[in-house]
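Visitor: data11.csv is reproduced in full below (CSV, C-alpha atoms).
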chain,number,residue,atom,x,y,z
X,30,MET,CA,0.0,0.0,0.0
X,31,SER,CA,1.4,3.4,-0.9
X,32,LEU,CA,1.8,6.1,1.7
X,33,ASP,CA,-0.7,8.9,2.1
X,34,LYS,CA,0.8,12.1,0.8
X,35,PRO,CA,-1.9,14.8,1.3
X,36,TYR,CA,0.6,17.6,0.5
X,37,LEU,CA,1.0,16.9,-3.2
X,38,ASP,CA,-1.8,19.3,-4.1
X,39,VAL,CA,-0.2,22.3,-2.4
X,40,PRO,CA,0.8,24.7,-5.2
X,41,GLY,CA,4.4,25.8,-5.7
X,42,THR,CA,5.6,23.6,-2.8
X,43,THR,CA,7.7,20.4,-2.6
X,44,VAL,CA,7.6,18.7,0.8
X,45,PHE,CA,10.9,17.2,1.7
X,46,ASP,CA,9.8,13.7,2.6
X,47,ALA,CA,11.8,10.4,2.8
X,48,ASP,CA,11.5,9.9,-1.0
X,49,MET,CA,12.8,13.3,-1.8
X,50,SER,CA,15.5,12.9,0.8
X,51,ARG,CA,16.7,9.6,-0.9
X,52,LEU,CA,16.7,11.3,-4.3
X,53,GLY,CA,18.7,14.2,-3.0
X,54,TYR,CA,21.1,12.5,-0.5
X,55,HIS,CA,24.3,13.3,-2.4
X,56,LEU,CA,23.2,16.7,-3.5
X,57,ASN,CA,22.4,17.7,0.0
X,58,GLN,CA,25.6,16.2,1.5
X,59,PHE,CA,27.6,18.1,-1.1
X,60,CYS,CA,25.9,21.2,0.2
X,61,MET,CA,26.9,20.3,3.8
X,62,SER,CA,30.5,20.1,2.7
X,63,LEU,CA,30.4,23.8,2.0
X,64,MET,CA,30.2,24.5,5.7
X,65,LYS,CA,34.0,24.2,5.8
X,66,ALA,CA,35.7,27.4,4.6
X,67,GLU,CA,38.4,25.5,2.7
X,68,ASN,CA,35.8,23.6,0.7
X,69,ARG,CA,34.0,26.8,-0.2
X,70,VAL,CA,37.3,28.1,-1.6
X,71,ARG,CA,37.8,24.9,-3.6
X,72,PHE,CA,34.3,24.9,-4.9
X,73,LYS,CA,34.5,28.5,-6.0
X,74,ALA,CA,37.8,27.9,-7.8
X,75,ASN,CA,36.5,24.9,-9.9
X,76,GLU,CA,32.8,24.2,-9.5
X,77,ARG,CA,32.6,21.4,-12.1
X,78,GLY,CA,35.7,19.7,-10.7
X,79,TYR,CA,34.4,19.9,-7.1
X,80,LEU,CA,31.0,18.6,-8.1
X,81,ASP,CA,32.5,15.7,-9.9
X,82,GLU,CA,33.9,14.4,-6.6
X,83,TRP,CA,30.3,13.7,-5.6
X,84,PRO,CA,28.1,10.8,-6.9
X,85,MET,CA,25.4,13.3,-7.9
X,86,SER,CA,23.4,13.0,-11.2
X,87,GLU,CA,24.4,15.2,-14.1
X,88,GLU,CA,21.0,17.0,-13.7
X,89,GLN,CA,21.8,17.9,-10.1
X,90,LYS,CA,25.3,19.2,-11.0
X,91,GLN,CA,23.8,21.3,-13.8
X,92,ALA,CA,21.1,22.7,-11.5
X,93,VAL,CA,23.8,23.7,-8.9
X,94,MET,CA,26.0,25.4,-11.5
X,95,ALA,CA,23.0,27.3,-12.8
X,96,ARG,CA,22.0,28.2,-9.2
X,97,ASP,CA,18.5,27.0,-10.2
X,98,LEU,CA,17.1,26.3,-6.8
X,99,ASN,CA,13.7,25.2,-8.0
X,100,ARG,CA,15.3,22.6,-10.1
X,101,CYS,CA,17.6,21.6,-7.2
X,102,ILE,CA,14.5,21.1,-5.0
X,103,GLU,CA,12.8,19.1,-7.8
X,104,LEU,CA,15.9,16.8,-7.8
X,105,GLY,CA,15.8,16.2,-4.0
X,106,GLY,CA,17.5,19.3,-2.6
X,107,ASN,CA,16.3,20.8,0.6
X,108,ILE,CA,16.4,24.6,1.2
X,109,TYR,CA,18.4,24.4,4.5
X,110,PHE,CA,21.1,22.4,2.7
X,111,LEU,CA,20.9,24.5,-0.5
X,112,ALA,CA,21.4,27.6,1.7
X,113,LYS,CA,25.0,26.6,2.0
X,114,ILE,CA,25.4,27.3,-1.7
X,115,GLY,CA,23.8,30.7,-1.1
X,116,ALA,CA,26.2,31.3,1.8
X,117,THR,CA,29.1,30.5,-0.4
X,118,ASP,CA,27.8,33.1,-2.9
X,119,GLY,CA,27.1,35.6,-0.1
X,120,LYS,CA,23.3,35.4,-0.6
X,121,SER,CA,20.8,35.8,2.2
X,122,TYR,CA,17.8,33.5,2.8
X,123,GLN,CA,15.6,36.2,1.4
X,124,GLN,CA,17.6,36.4,-1.8
X,125,MET,CA,17.5,32.7,-2.2
X,126,ALA,CA,13.8,32.3,-1.5
X,127,GLY,CA,13.0,35.2,-3.8
X,128,SER,CA,15.0,33.6,-6.6
X,129,MET,CA,12.5,30.8,-6.8
X,130,THR,CA,9.4,32.9,-7.3
X,131,GLY,CA,10.1,34.5,-10.7
X,132,MET,CA,10.1,37.9,-9.0
X,133,SER,CA,13.0,40.3,-8.9
X,134,GLU,CA,14.8,40.7,-5.6
X,135,GLU,CA,13.3,44.2,-5.2
X,136,GLU,CA,9.8,42.9,-6.0
X,137,TYR,CA,10.1,40.1,-3.5
X,138,ARG,CA,11.3,42.3,-0.8
X,139,LYS,CA,8.5,44.7,-1.4
X,140,MET,CA,5.9,41.9,-1.3
X,141,MET,CA,7.3,40.8,2.1
X,142,VAL,CA,7.2,44.4,3.5
X,143,GLY,CA,3.6,44.6,2.2
X,144,GLY,CA,2.6,41.5,4.3
X,145,GLY,CA,3.9,38.7,2.2
X,146,ARG,CA,2.3,36.4,-0.4
X,147,SER,CA,-1.5,36.0,0.3
X,148,ILE,CA,-2.8,32.6,1.2
X,149,GLU,CA,-5.9,33.3,-1.0
X,150,GLY,CA,-5.7,31.3,-4.2
X,151,ASN,CA,-2.6,29.5,-2.9
X,152,ARG,CA,-4.0,26.6,-0.9
X,153,TYR,CA,-4.7,24.1,-3.7
X,154,ILE,CA,-3.3,23.5,-7.2
X,155,GLY,CA,-5.8,24.8,-9.8
X,156,GLU,CA,-7.6,26.9,-7.2
X,157,LYS,CA,-9.1,30.1,-8.7
X,158,LYS,CA,-7.5,33.2,-7.3
S,29,MET,CA,12.2,20.2,43.8
S,30,ALA,CA,12.6,21.8,40.4
S,31,HIS,CA,9.6,23.6,38.9
S,32,ILE,CA,8.6,25.2,35.6
S,33,SER,CA,7.9,28.9,36.1
S,34,ALA,CA,7.1,30.0,32.6
S,35,SER,CA,7.2,29.3,28.9
S,36,VAL,CA,8.4,31.5,26.1
S,37,TYR,CA,7.5,31.2,22.5
S,38,THR,CA,9.3,33.0,19.6
S,39,SER,CA,10.3,32.8,16.0
S,40,HIS,CA,14.0,32.2,15.3
S,41,VAL,CA,14.5,34.0,12.0
S,42,PRO,CA,18.2,33.9,11.0
S,43,ALA,CA,18.1,37.4,9.6
S,44,VAL,CA,17.2,38.7,13.1
S,45,GLY,CA,20.6,37.3,14.3
S,46,ALA,CA,22.3,38.9,11.3
S,47,ALA,CA,20.7,42.3,12.0
S,48,LEU,CA,22.0,42.1,15.6
S,49,ASP,CA,25.4,40.9,14.7
S,50,LEU,CA,25.9,43.5,11.9
S,51,GLY,CA,24.6,46.4,14.0
S,52,LYS,CA,21.4,47.0,12.0
S,53,THR,CA,19.0,47.1,15.0
S,54,GLY,CA,18.5,50.9,14.7
S,55,GLU,CA,17.0,50.6,11.2
S,56,PRO,CA,13.2,51.1,11.1
S,57,TYR,CA,12.7,47.7,9.4
S,58,TRP,CA,14.3,45.9,12.4
S,59,GLN,CA,13.1,48.4,15.1
S,60,ALA,CA,9.6,47.1,14.3
S,61,VAL,CA,10.7,43.6,15.2
S,62,PHE,CA,12.9,44.3,18.2
S,63,LYS,CA,10.4,46.6,19.9
S,64,GLY,CA,8.2,43.6,20.4
S,65,TYR,CA,10.9,42.2,22.7
S,66,ASP,CA,11.7,45.2,24.9
S,67,PHE,CA,9.2,44.0,27.5
S,68,SER,CA,10.6,40.5,27.2
S,69,ARG,CA,14.3,41.4,27.9
S,70,GLN,CA,13.2,43.2,31.1
S,71,TRP,CA,10.9,40.4,32.1
S,72,LEU,CA,13.7,37.8,31.7
S,73,LYS,CA,16.0,40.0,33.9
S,74,ASP,CA,13.2,40.2,36.6
S,75,HIS,CA,12.3,36.5,36.3
S,76,LYS,CA,15.8,35.0,35.7
S,77,PRO,CA,15.5,31.2,35.5
S,78,ASP,CA,18.2,28.8,36.7
S,79,VAL,CA,17.9,26.8,33.5
S,80,ILE,CA,16.3,27.3,30.1
S,81,PHE,CA,15.0,24.1,28.4
S,82,LEU,CA,15.1,25.4,24.8
S,83,VAL,CA,13.1,23.5,22.1
S,84,TYR,CA,14.4,24.4,18.6
S,85,ASN,CA,15.3,22.8,15.3
S,86,ASP,CA,18.6,22.3,13.7
S,87,HIS,CA,18.8,23.6,10.1
S,88,ALA,CA,21.2,21.2,8.5
S,89,ASN,CA,24.1,22.2,10.7
S,90,ALA,CA,24.6,19.8,13.6
S,91,PHE,CA,22.6,17.1,11.7
S,92,SER,CA,23.2,16.3,8.0
S,93,LEU,CA,21.2,13.6,6.2
S,94,ASP,CA,23.5,11.0,7.8
S,95,ILE,CA,21.5,11.0,11.0
S,96,ILE,CA,18.1,12.5,11.5
S,97,PRO,CA,16.9,12.2,15.1
S,98,THR,CA,13.2,13.2,15.7
S,99,PHE,CA,13.9,14.3,19.3
S,100,ALA,CA,17.5,15.0,20.5
S,101,ILE,CA,18.5,16.3,23.9
S,102,GLY,CA,21.9,18.0,24.4
S,103,THR,CA,23.6,16.6,27.6
S,104,ALA,CA,27.0,18.2,27.2
S,105,PRO,CA,28.6,20.7,29.7
S,106,GLU,CA,28.9,23.2,26.8
S,107,PHE,CA,28.1,23.7,23.1
S,108,ALA,CA,29.8,25.7,20.4
S,109,VAL,CA,28.1,28.1,18.0
S,110,ALA,CA,27.8,26.6,14.5
S,111,ASP,CA,29.3,27.9,11.3
S,112,GLU,CA,26.3,27.7,9.0
S,113,GLY,CA,28.3,28.8,6.0
S,114,TRP,CA,28.5,32.6,6.8
S,115,GLY,CA,30.9,32.0,9.7
S,116,PRO,CA,29.7,31.4,13.3
S,117,ARG,CA,27.5,34.1,14.9
S,118,PRO,CA,29.6,36.3,17.3
S,119,VAL,CA,27.6,35.2,20.4
S,120,PRO,CA,28.7,33.4,23.6
S,121,LYS,CA,29.0,29.7,23.7
S,122,VAL,CA,26.1,27.9,25.4
S,123,ILE,CA,26.6,26.4,28.8
S,124,GLY,CA,24.6,23.2,29.3
S,125,HIS,CA,23.2,21.5,32.4
S,126,PRO,CA,24.4,17.9,32.0
S,127,LYS,CA,22.9,16.7,35.3
S,128,LEU,CA,19.4,18.0,34.7
S,129,ALA,CA,19.5,17.0,31.0
S,130,ALA,CA,20.5,13.4,31.9
S,131,HIS,CA,17.7,13.3,34.5
S,132,ILE,CA,15.2,14.5,31.9
S,133,ALA,CA,16.4,12.0,29.3
S,134,GLN,CA,16.1,9.1,31.8
S,135,SER,CA,12.6,10.1,32.9
S,136,VAL,CA,11.2,10.9,29.5
S,137,ILE,CA,12.6,7.8,27.8
S,138,GLN,CA,11.0,5.7,30.6
S,139,ASP,CA,7.8,7.6,29.7
S,140,ASP,CA,7.9,6.1,26.2
S,141,PHE,CA,9.6,9.0,24.3
S,142,ASP,CA,12.7,7.6,22.6
S,143,LEU,CA,15.0,10.6,22.7
S,144,THR,CA,18.4,10.7,21.0
S,145,ILE,CA,21.1,11.7,23.5
S,146,VAL,CA,23.7,14.1,22.1
S,147,ASN,CA,27.0,14.8,23.9
S,148,LYS,CA,28.5,16.8,21.0
S,149,MET,CA,26.7,19.2,18.7
S,150,ASP,CA,27.1,22.8,17.5
S,151,LEU,CA,24.1,25.1,17.9
S,152,ASP,CA,22.7,27.1,15.0
S,153,HIS,CA,20.4,30.1,14.7
S,154,GLY,CA,17.4,28.1,15.8
S,155,LEU,CA,18.7,28.2,19.3
S,156,THR,CA,20.9,31.3,19.4
S,157,VAL,CA,18.4,33.8,17.8
S,158,PRO,CA,15.8,33.3,20.6
S,159,LEU,CA,18.6,33.8,23.2
S,160,SER,CA,19.6,37.0,21.4
S,161,LEU,CA,16.0,38.3,21.2
S,162,MET,CA,15.4,37.6,24.9
S,163,CYS,CA,18.8,38.6,26.3
S,164,GLY,CA,20.3,41.2,23.9
S,165,GLN,CA,24.0,41.0,23.4
S,166,PRO,CA,25.6,39.9,26.7
S,167,LYS,CA,29.1,38.6,27.2
S,168,ALA,CA,27.6,35.3,28.6
S,169,TRP,CA,24.1,34.0,28.5
S,170,PRO,CA,22.3,34.5,31.8
S,171,CYS,CA,22.0,30.8,32.7
S,172,PRO,CA,22.6,27.2,31.5
S,173,VAL,CA,20.6,26.1,28.6
S,174,ILE,CA,19.5,22.5,27.7
S,175,PRO,CA,19.2,22.3,23.9
S,176,PHE,CA,16.3,20.1,22.7
S,177,ALA,CA,16.4,19.6,18.9
S,178,VAL,CA,13.3,18.5,16.9
S,179,ASN,CA,13.3,17.3,13.3
S,180,VAL,CA,11.1,19.6,11.4
S,181,VAL,CA,13.3,19.5,8.2
S,182,GLN,CA,12.5,16.0,6.8
S,183,TYR,CA,8.9,15.1,6.6
S,184,PRO,CA,7.1,13.6,8.5
S,185,VAL,CA,7.9,15.7,11.6
S,186,PRO,CA,6.4,14.6,14.9
S,187,SER,CA,2.7,15.3,15.3
S,188,GLY,CA,1.3,18.2,17.3
S,189,ARG,CA,-0.2,15.7,19.7
S,190,ARG,CA,3.1,13.8,20.2
S,191,CYS,CA,4.8,17.2,20.9
S,192,TYR,CA,2.1,18.2,23.4
S,193,MET,CA,2.4,14.9,25.2
S,194,LEU,CA,6.2,15.1,25.2
S,195,GLY,CA,5.8,18.5,26.9
S,196,LYS,CA,3.8,16.9,29.7
S,197,ALA,CA,6.5,14.2,30.1
S,198,ILE,CA,9.2,16.9,30.3
S,199,ARG,CA,7.2,18.7,33.0
S,200,LYS,CA,7.0,15.5,35.0
S,201,ALA,CA,10.7,14.9,34.6
S,202,ILE,CA,11.7,18.4,35.7
S,203,GLU,CA,9.3,18.3,38.7
S,204,SER,CA,11.0,15.1,39.9
S,205,TYR,CA,14.4,16.7,40.0
S,206,ASP,CA,15.7,17.1,43.5
S,207,GLU,CA,17.4,20.5,43.4
S,208,PRO,CA,15.1,23.6,43.7
S,209,LEU,CA,15.7,24.9,40.3
S,210,LYS,CA,13.5,27.4,38.5
S,211,VAL,CA,13.2,26.3,34.9
S,212,GLN,CA,11.7,28.0,31.8
S,213,VAL,CA,10.7,26.0,28.7
S,214,TRP,CA,11.0,27.8,25.4
S,215,GLY,CA,9.3,26.8,22.2
S,216,THR,CA,10.7,28.3,19.0
S,217,GLY,CA,10.3,28.5,15.2
S,218,GLY,CA,7.5,29.7,13.0
S,219,MET,CA,5.2,31.5,12.5
S,220,SER,CA,3.9,31.3,8.9
S,221,HIS,CA,6.7,31.2,6.3
S,222,GLN,CA,7.7,29.3,3.2
S,223,LEU,CA,11.3,29.5,2.0
S,224,GLN,CA,11.1,27.3,-1.2
S,225,GLY,CA,9.4,27.1,-4.6
S,226,PRO,CA,7.1,29.5,-6.4
S,227,ARG,CA,5.0,29.9,-3.3
S,228,ALA,CA,7.9,31.3,-1.2
S,229,GLY,CA,7.0,34.3,0.8
S,230,LEU,CA,3.7,33.0,2.0
S,231,ILE,CA,2.3,34.6,5.1
S,232,ASN,CA,-1.1,33.9,6.7
S,233,LYS,CA,-1.7,36.5,9.5
S,234,GLU,CA,-5.3,35.3,10.3
S,235,TRP,CA,-4.1,31.7,10.7
S,236,ASP,CA,-1.1,32.8,12.9
S,237,LYS,CA,-3.3,34.9,15.1
S,238,ALA,CA,-5.8,32.1,15.5
S,239,PHE,CA,-2.8,29.8,16.4
S,240,LEU,CA,-1.7,32.1,19.1
S,241,ASP,CA,-5.3,32.4,20.5
S,242,ARG,CA,-5.7,28.6,20.5
S,243,LEU,CA,-2.2,27.9,21.9
S,244,ILE,CA,-3.2,30.1,24.9
S,245,ALA,CA,-6.8,28.9,25.4
S,246,GLU,CA,-7.2,25.4,24.0
S,247,PRO,CA,-3.8,23.8,23.4
S,248,GLU,CA,-5.0,20.2,23.6
S,249,LYS,CA,-7.5,20.8,20.7
S,250,LEU,CA,-4.8,22.7,18.8
S,251,ALA,CA,-2.5,19.8,19.2
S,252,ALA,CA,-4.9,17.6,17.2
S,253,MET,CA,-4.4,19.7,14.1
S,254,PRO,CA,-2.8,17.5,11.3
S,255,HIS,CA,0.4,18.4,9.5
S,256,ILE,CA,-1.2,19.2,6.2
S,257,ASP,CA,-3.0,22.2,7.8
S,258,TYR,CA,0.3,23.7,8.8
S,259,VAL,CA,1.8,23.1,5.4
S,260,ARG,CA,-1.2,24.3,3.4
S,261,GLU,CA,-2.1,27.3,5.6
S,262,ALA,CA,1.2,28.4,7.1
S,263,GLY,CA,3.8,27.4,4.5
S,264,SER,CA,6.1,24.4,4.2
S,265,GLU,CA,8.4,25.9,6.9
S,266,GLY,CA,5.5,27.0,9.1
S,267,ILE,CA,5.4,23.4,10.3
S,268,GLU,CA,8.1,24.5,12.8
S,269,LEU,CA,5.2,25.6,15.0
S,270,VAL,CA,4.6,22.0,16.3
S,271,MET,CA,7.6,22.8,18.5
S,272,TRP,CA,5.6,25.4,20.4
S,273,LEU,CA,3.3,22.6,21.5
S,274,ILE,CA,6.2,21.0,23.5
S,275,ALA,CA,6.6,24.1,25.6
S,276,ARG,CA,2.8,24.5,25.9
S,277,GLY,CA,2.5,20.9,27.1
S,278,ALA,CA,5.0,21.6,29.8
S,279,MET,CA,2.7,24.2,31.5
S,280,GLU,CA,0.7,23.4,34.6
S,281,ASP,CA,-2.8,23.3,33.0
S,282,ALA,CA,-1.8,20.6,30.6
S,283,SER,CA,-1.4,18.3,33.6
S,284,GLY,CA,-4.6,19.3,35.4
S,285,GLY,CA,-3.4,22.6,37.1
S,286,LYS,CA,-4.5,26.2,36.6
S,287,PRO,CA,-4.3,28.0,33.2
S,288,PRO,CA,-1.3,30.2,32.7
S,289,SER,CA,-1.4,34.0,32.6
S,290,VAL,CA,-0.4,35.8,29.4
S,291,ARG,CA,2.4,38.2,30.3
S,292,HIS,CA,3.2,39.3,26.7
S,293,ARG,CA,2.0,38.8,23.2
S,294,PHE,CA,3.5,40.2,20.0
S,295,TYR,CA,3.1,39.6,16.3
S,296,HIS,CA,4.7,41.3,13.3
S,297,VAL,CA,5.2,40.8,9.6
S,298,PRO,CA,7.8,40.6,8.2
S,299,ALA,CA,11.3,39.6,9.3
S,300,SER,CA,12.9,38.6,6.1
S,301,ASN,CA,10.6,35.8,4.8
S,302,THR,CA,8.8,35.2,8.0
S,303,ALA,CA,6.0,36.3,10.3
S,304,VAL,CA,7.3,36.8,13.8
S,305,GLY,CA,5.2,35.6,16.8
S,306,HIS,CA,6.1,35.8,20.4
S,307,LEU,CA,4.3,34.9,23.7
S,308,ILE,CA,5.2,34.7,27.3
S,309,LEU,CA,3.1,32.5,29.6
S,310,GLU,CA,3.5,32.2,33.3
S,311,ASN,CA,2.4,29.5,35.6
S,312,SER,CA,0.4,30.7,38.6
If you took the structure in this file and wrote it as C-alpha cells, what would it be?
Guide:
Amino acid sequence: MSLDKPYLDVPGTTVFDADMSRLGYHLNQFCMSLMKAENRVRFKANERGYLDEWPMSEEQKQAVMARDLNRCIELGGNIYFLAKIGATDGKSYQQMAGSMTGMSEEEYRKMMVGGGRSIEGNRYIGEKK
Amino acid sequence: MAHISASVYTSHVPAVGAALDLGKTGEPYWQAVFKGYDFSRQWLKDHKPDVIFLVYNDHANAFSLDIIPTFAIGTAPEFAVADEGWGPRPVPKVIGHPKLAAHIAQSVIQDDFDLTIVNKMDLDHGLTVPLSLMCGQPKAWPCPVIPFAVNVVQYPVPSGRRCYMLGKAIRKAIESYDEPLKVQVWGTGGMSHQLQGPRAGLINKEWDKAFLDRLIAEPEKLAAMPHIDYVREAGSEGIELVMWLIARGAMEDASGGKPPSVRHRFYHVPASNTAVGHLILENS
C-alpha cells in the first residue's frame, strides 16, 4: 500500500519527505561540505571539478551550477542544505527564497514588507485566485 | 524540587541574528521587530531562571542527512556556536546543564519518548536567535541552557499531539528533580513562512493569530491539528510551529493545574521571509 501524501496538491511547494531525501542525498551532502571554509574556496575555484567528486546526477550538477534552486529542489534538494550554496555566494535566505518565485529581488522584498504572499488562491493547485 | 515557572514562544529567523550581529538594529525595518521584545528582555531579567530548556530545530548544521533524530537532547557541559556557512555568529558559547539533562532523558525515555542523547553538537540560529532576542548581546548567556532539537526538516515531523504529550513528560521529569531549580521552557520557530518554490514568501496572518489564541486557550485541541493544515495554511516551513506545543504541554494546566497567565504577546510581519510571533506565559 502506498503512503498517504496529502501535501501533493499544495501549489508551488515540494515537501521534503523520505522519497525526496533519498533522491537528494548526495546533492544535500555536497551542500553540507560547504560549511567548511576551505571547501567553499575549492568549490568556487572549480565548481565542475568539485561537483565531480560527488556521486550526484548530471542534472543535479547542472542545477547547482545554474543556481536554479527550484530545479535543485525538484531533484531532491532541501532549502536548508541549499542555503550553504547561497552562503558560499554571499546570498541571504531572502535572496534565495525570492529567486524561486520568478520575481526580482526588489519585487520580492516589497511583497514581504507589504505583508507577504497572500494565502488566498494559494492553498490548492488549480484553485481560482 | 525543580519547577517550571514560565514558557516563552518565539520565531527564530536567522536574519534577526544577522541584524543584531551587523549592528542594524536601529533601522526602522528591524526596530519594528525588536520593539516587540523590549518587555521580554526586562521580564527575563526580573524572572531570571536557573535553567532554560530550549526547544528548537537544527537547520542542516549539527545534523546532515547522515543522522536525522526526531527528538535530540543535548547533555554536554557546553556547546559551540555553528558555522552555518556565513561563519559562526559572534555570540557566547552555550553552557549546558548535564545533570538535569541526563535526568530529563532518563525520565522521558521511561515515559515512552525515545530521545536521542547528544553529547556533542554545534548550535545554530534556531537556538541562538531566541537567546539574542530575549537577552540582547551579553558577554555570557544568563543561565545554563538545555538544547532540545526536533526534526522539522525532513517530513514527517512529529505530530502536534506527540509534541504536546512530550511537553507533559518533560514537565513530570523536571518536577521530579531534587534541586530547587526554576526552569523555563521555550518553544521556538514559525510562524507562517515558506522558503522554497514559487509559493515562497507565503504569510497567513489570520491563521497565525488564531494559532496564538488557541495555543493560549485550547492547546490540547490545537495539538490535534494535522500536519497538512500547517503546510497548506502556514507554508512548508510553518510546520516548525509544532515545537511550540512541546513548551505548551509543559505548562501546569496541561497536567490538570491552573491555566497560565499571558504576560506578553507580539506579532509582526515581516522579518525577512517570516511572520514573527512571540508569547510569554507564566504558571500561577
Visitor: Please produce, as a tab-separated table, a per-residue contact table for chain S versus chain X (criterion: any atom at most 7 Å away, all atoms listed in the file considered), showing the nearest atom pair and its distance in Å to one decimal, sorted by chain then residue number.
Guide:
residue	atom	partner	partner_atom	distance
S:His87	CA	X:Tyr109	CA	5.7
S:Ala88	CA	X:Tyr109	CA	5.8
S:Ser92	CA	X:Met61	CA	6.9
S:Leu93	CA	X:Tyr54	CA	6.8
S:Asp111	CA	X:Met64	CA	6.6
S:Glu112	CA	X:Met64	CA	6.0
S:Gly113	CA	X:Met64	CA	4.7
S:Trp114	CA	X:Ala116	CA	5.7
S:Gln182	CA	X:Phe45	CA	5.5
S:Tyr183	CA	X:Asp46	CA	4.3
S:Pro184	CA	X:Asp46	CA	6.5
S:Leu223	CA	X:Ala126	CA	5.1
S:Gln224	CA	X:Ala126	CA	5.7
S:Gly225	CA	X:Gly41	CA	5.3
S:Pro226	CA	X:Thr130	CA	4.2
S:Arg227	CA	X:Gly41	CA	4.8
S:Ala228	CA	X:Ala126	CA	6.0
S:Gly229	CA	X:Arg146	CA	5.3
S:Leu230	CA	X:Arg146	CA	4.4
S:Ile231	CA	X:Gly145	CA	5.3
S:Asn232	CA	X:Ile148	CA	5.9
S:Ile256	CA	X:Tyr36	CA	6.2
S:Arg260	CA	X:Arg152	CA	5.6
S:Glu261	CA	X:Arg152	CA	6.8
S:Ser264	CA	X:Val44	CA	6.8
S:Val297	CA	X:Gly144	CA	5.9
S:Pro298	CA	X:Val142	CA	6.1
S:Ser300	CA	X:Gln123	CA	5.9
S:Asn301	CA	X:Gln123	CA	6.1
Visitor: Which value, in Å to one decimal, gives the distance between CA of Glu234 (chain S) and CA of Asn179 (chain S)?
Guide: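 A separation of 26.1 Å between them.
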Visitor: Excluding same-chain residues fewer than 6 positions from Ala133 (chain S), what lies within 12 Å of it counting all atoms listed in the file, as a PyMOL selection string?
Guide: chain S and resi 99-103+126-127+139-146+174-176+194+197-202+205
Visitor: Taking (3.8, 32.6, 16.3) as a centre in this file's frame and 12 Å as the limit, can you find every polymer residue with an atom that close, using all atoms listed in the file, and give them as a ChimeraX atom specification?
Guide: /S:36-41,215-221,231-244,262,266-273,293-297,302-308
Visitor: Quote the spacing between CA of Gly105 (chain X) and CA of Phe91 (chain S) in Å to one decimal place.
Guide: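 Between these atoms lies a distance of 17.1 Å.
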Visitor: Suppose you want the space between CA of Asp66 (chain S) and CA of Pro116 (chain S); what is it in Å?
Guide: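 We find that CA of Asp66 (chain S) and CA of Pro116 (chain S) lie 25.5 Å from each other.
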Visitor: Please provide the set of residues having any atom within 7 Å of Gln89 (chain X), restricted to only C-alpha atoms, with same-chain residues fewer than 2 positions apart removed, written as a ChimeraX atom specification.
Guide: /X:56,85-87,91-93,101,104
Visitor: Looking at only C-alpha atoms, which of S:Arg117, S:Arg189, S:Lys148, S:Lys76 is the one that sits closest to Pro105 (chain S)?
Guide: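 The answer is S:Lys148, which sits nearest to Pro105 (chain S).
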Visitor: So which one's closest to Arg77 (chain X), X:Leu32, X:Leu52, X:Met94, X:Ile154? Using all atoms listed in the file, please.
Guide: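 Smallest distance to Arg77 (chain X) is found for X:Met94.
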Visitor: With distances taken over all atoms listed in the file, which residue among S:Glu280, S:Asp49, S:Glu203, S:Glu248 lies nearest Gly115 (chain S)?
Guide: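 Smallest separation from Gly115 (chain S) among the options: S:Asp49.
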